[in-house]
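Report on one structure; see the data block that follows.
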Amino acid sequence: MTIRVLLADDQRLVRAAFAMLVESAMDMEVVGQAGTGREAVELARSERADLVVMDIRMPDLDGIEATRLIAADEDLAGVKVLVLTTYDTDEHVLEALRAGASGFLVKDTKPAELLDAIRTVAAGESLLSPGPTSRLIARVLRAPEAPQSGGPEGLSGREREVLTLVARGLNNTEIAESLGLSPLTAKTHVSRIMGKLGVRDRAQLVICAYESGLVAPGDSGS
């Protein structure tokens with residue numbers, strides 16, 4: 001299956017470089033290029049993109065609001081958003097994940113890693129580097145009030161264990177190994193948790209786990 005990619009960045013040269021890279025992959029094609037967030041939303045609708053590579057900082061409508069509009073549009077339910085940022089400490093990344101992005105990368109990522117990231121997100125997985133993500137969430141969510149106790153309501157003990165591991169950046173195979181489950185069972189748990197919490201992907205699960213207090217900022221799981 002060919003992944004239909006939409007590129008959204010206000011810098012023409014950046015878009016051109018990304019377009020050359022994406023078109024070099026046998027399993028991808030660029031279906032549009034947008035210079036503003038509003039253009040990105042319009043092109044996502046008209047070109048039926050599978051994935052949008054979205055810069056956060058753009059004129060007219062920034063990448064966060066564009067992501068929120070895409071995520072809220074039922075006609076674009078299958079469209080994934082991969083956010084690009086200049087720094088992995090950009091606090092706007094967390095806003096983008098809350099808005100519905102499925103992951104983020106820094107712009108100086110190696111070409112092969114960007115292509116792998118597009119494949120990962122297009123396949124329905126989230127791209128969350130545990131190190132930068134946990135540091136980012138820890139800083140943004142650090143607040144004087146204590147977090148809620150007990151984790152998200154409505155989850156079983158096993159589901160809370162699975163959610164904790166998702167928040168620490170483990171994939172289904174790693175979760176299965178950690179809990180002595182089969183990969184299919186781990187995947188089923190993750191899907192059920194997403195359904196119970198009403199979230200669209202693993203990125204949203206990570207945010208939920210931290211905001212609920214199930215995982216504490218800075219908790220490495222060691």
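Ordering of the structure tokens sets the chain letters (A, B, ...), residue numbers begin anew at 1 in every chain, and ligands are numbered from 1 in the order given.
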
Go through chain A and collect every residue that DSSP, computed from the backbone, puts in helix (DSSP H, G or I); the answer should be as number ranges by chain. A: 12-23, 37-47, 63-72, 74-76, 92-99, 111-122, 130-141, 157-167, 172-179, 183-197, 202-212

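Taking CA of Leu214 in chain A and CA of Thr164 in chain A as the two end points, the separation is 6.8 Å.
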
Pull the closest atom pair for each residue of range 81-118 of chain A that gets at most 7 Å from range 43-59 of chain A, along with the distance in Å to one decimal, counting only C-alpha atoms, ordering rows by chain and then ascending residue number, as CSV.
residue,atom,partner,partner_atom,distance
A:Val81,CA,A:Val52,CA,4.8
A:Leu82,CA,A:Val53,CA,4.9
A:Val83,CA,A:Met54,CA,4.7
A:Leu84,CA,A:Asp55,CA,4.9
A:Thr85,CA,A:Ile56,CA,6.2

How would the residues just chosen look if you wrote them out with N, CA, C and O atoms as a tab-separated table (two decimals), in the first residue's frame?
chain	number	residue	atom	x	y	z
A	81	VAL	N	-1.35	12.47	12.05
A	81	VAL	CA	-0.51	13.67	12.05
A	81	VAL	C	0.80	13.38	12.77
A	81	VAL	O	0.80	12.93	13.91
A	82	LEU	N	1.90	13.65	12.07
A	82	LEU	CA	3.24	13.54	12.64
A	82	LEU	C	3.80	14.94	12.74
A	82	LEU	O	4.02	15.61	11.73
A	83	VAL	N	4.00	15.41	13.96
A	83	VAL	CA	4.44	16.79	14.19
A	83	VAL	C	5.95	16.91	14.12
A	83	VAL	O	6.67	16.06	14.66
A	84	LEU	N	6.41	17.96	13.48
A	84	LEU	CA	7.83	18.27	13.43
A	84	LEU	C	8.10	19.53	14.24
A	84	LEU	O	7.33	20.50	14.18
A	85	THR	N	9.18	19.52	14.99
A	85	THR	CA	9.54	20.68	15.78
A	85	THR	C	11.05	20.87	15.74
A	85	THR	O	11.79	19.94	15.41

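In terms of minimum interatomic distance to Asn171 in chain A, A:Glu125 ranks closest within A:Glu125, A:Asp201, A:Glu159, A:Glu29, counting only C-alpha atoms.
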
Just the residues within 10 Å of Gln204 in chain A, please, counting only C-alpha atoms, with nothing from its chain fewer than 6 positions along; format it as a ChimeraX atom specification. /A:97-103,126,167,194,197-198

Given only C-alpha atoms as the counted atoms, nearest of A:Gly124, A:Val190, A:Val30, A:Val22 to Ala77 in chain A: A:Gly124

So, counting only C-alpha atoms, which residue among A:Leu205, A:Lys107, A:Ala123, A:Arg168 is closest to Pro152 in chain A? A:Leu205

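Rounded to one decimal, CA of Leu181 in chain A and CA of Val162 in chain A lie 10.6 Å from each other.
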
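Here the question is which of A:Thr185, A:Arg160, A:Met28, A:Met1 gets nearest to Asn172 in chain A using only C-alpha atoms, and that residue is A:Thr185.
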
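The closest residue to Asp60 in chain A, picked from A:Ala72, A:Gly37, A:Val121, A:Arg4 and counting only C-alpha atoms, is A:Gly37.
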
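CA of Val166 in chain A is found 8.7 Å from CA of Ala209 in chain A.
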
My list of candidates is A:Ser182, A:Thr67, A:Thr109, A:Leu115. Which is closest to Met26 in chain A when distances are computed with only C-alpha atoms? A:Leu115

Need to verify the contact set: Val41 in chain A, 10 Å, only C-alpha atoms, exclusion of same-chain residues closer than 3 positions in sequence. Can you return it as a PyMOL selection string? chain A and resi 6+8+34+36-38+44-46+52+61+63+65-70+73+76

Give me every strand (DSSP E) residue in range 15-213 of chain A, going by DSSP on the backbone, as a count of residues only. 22
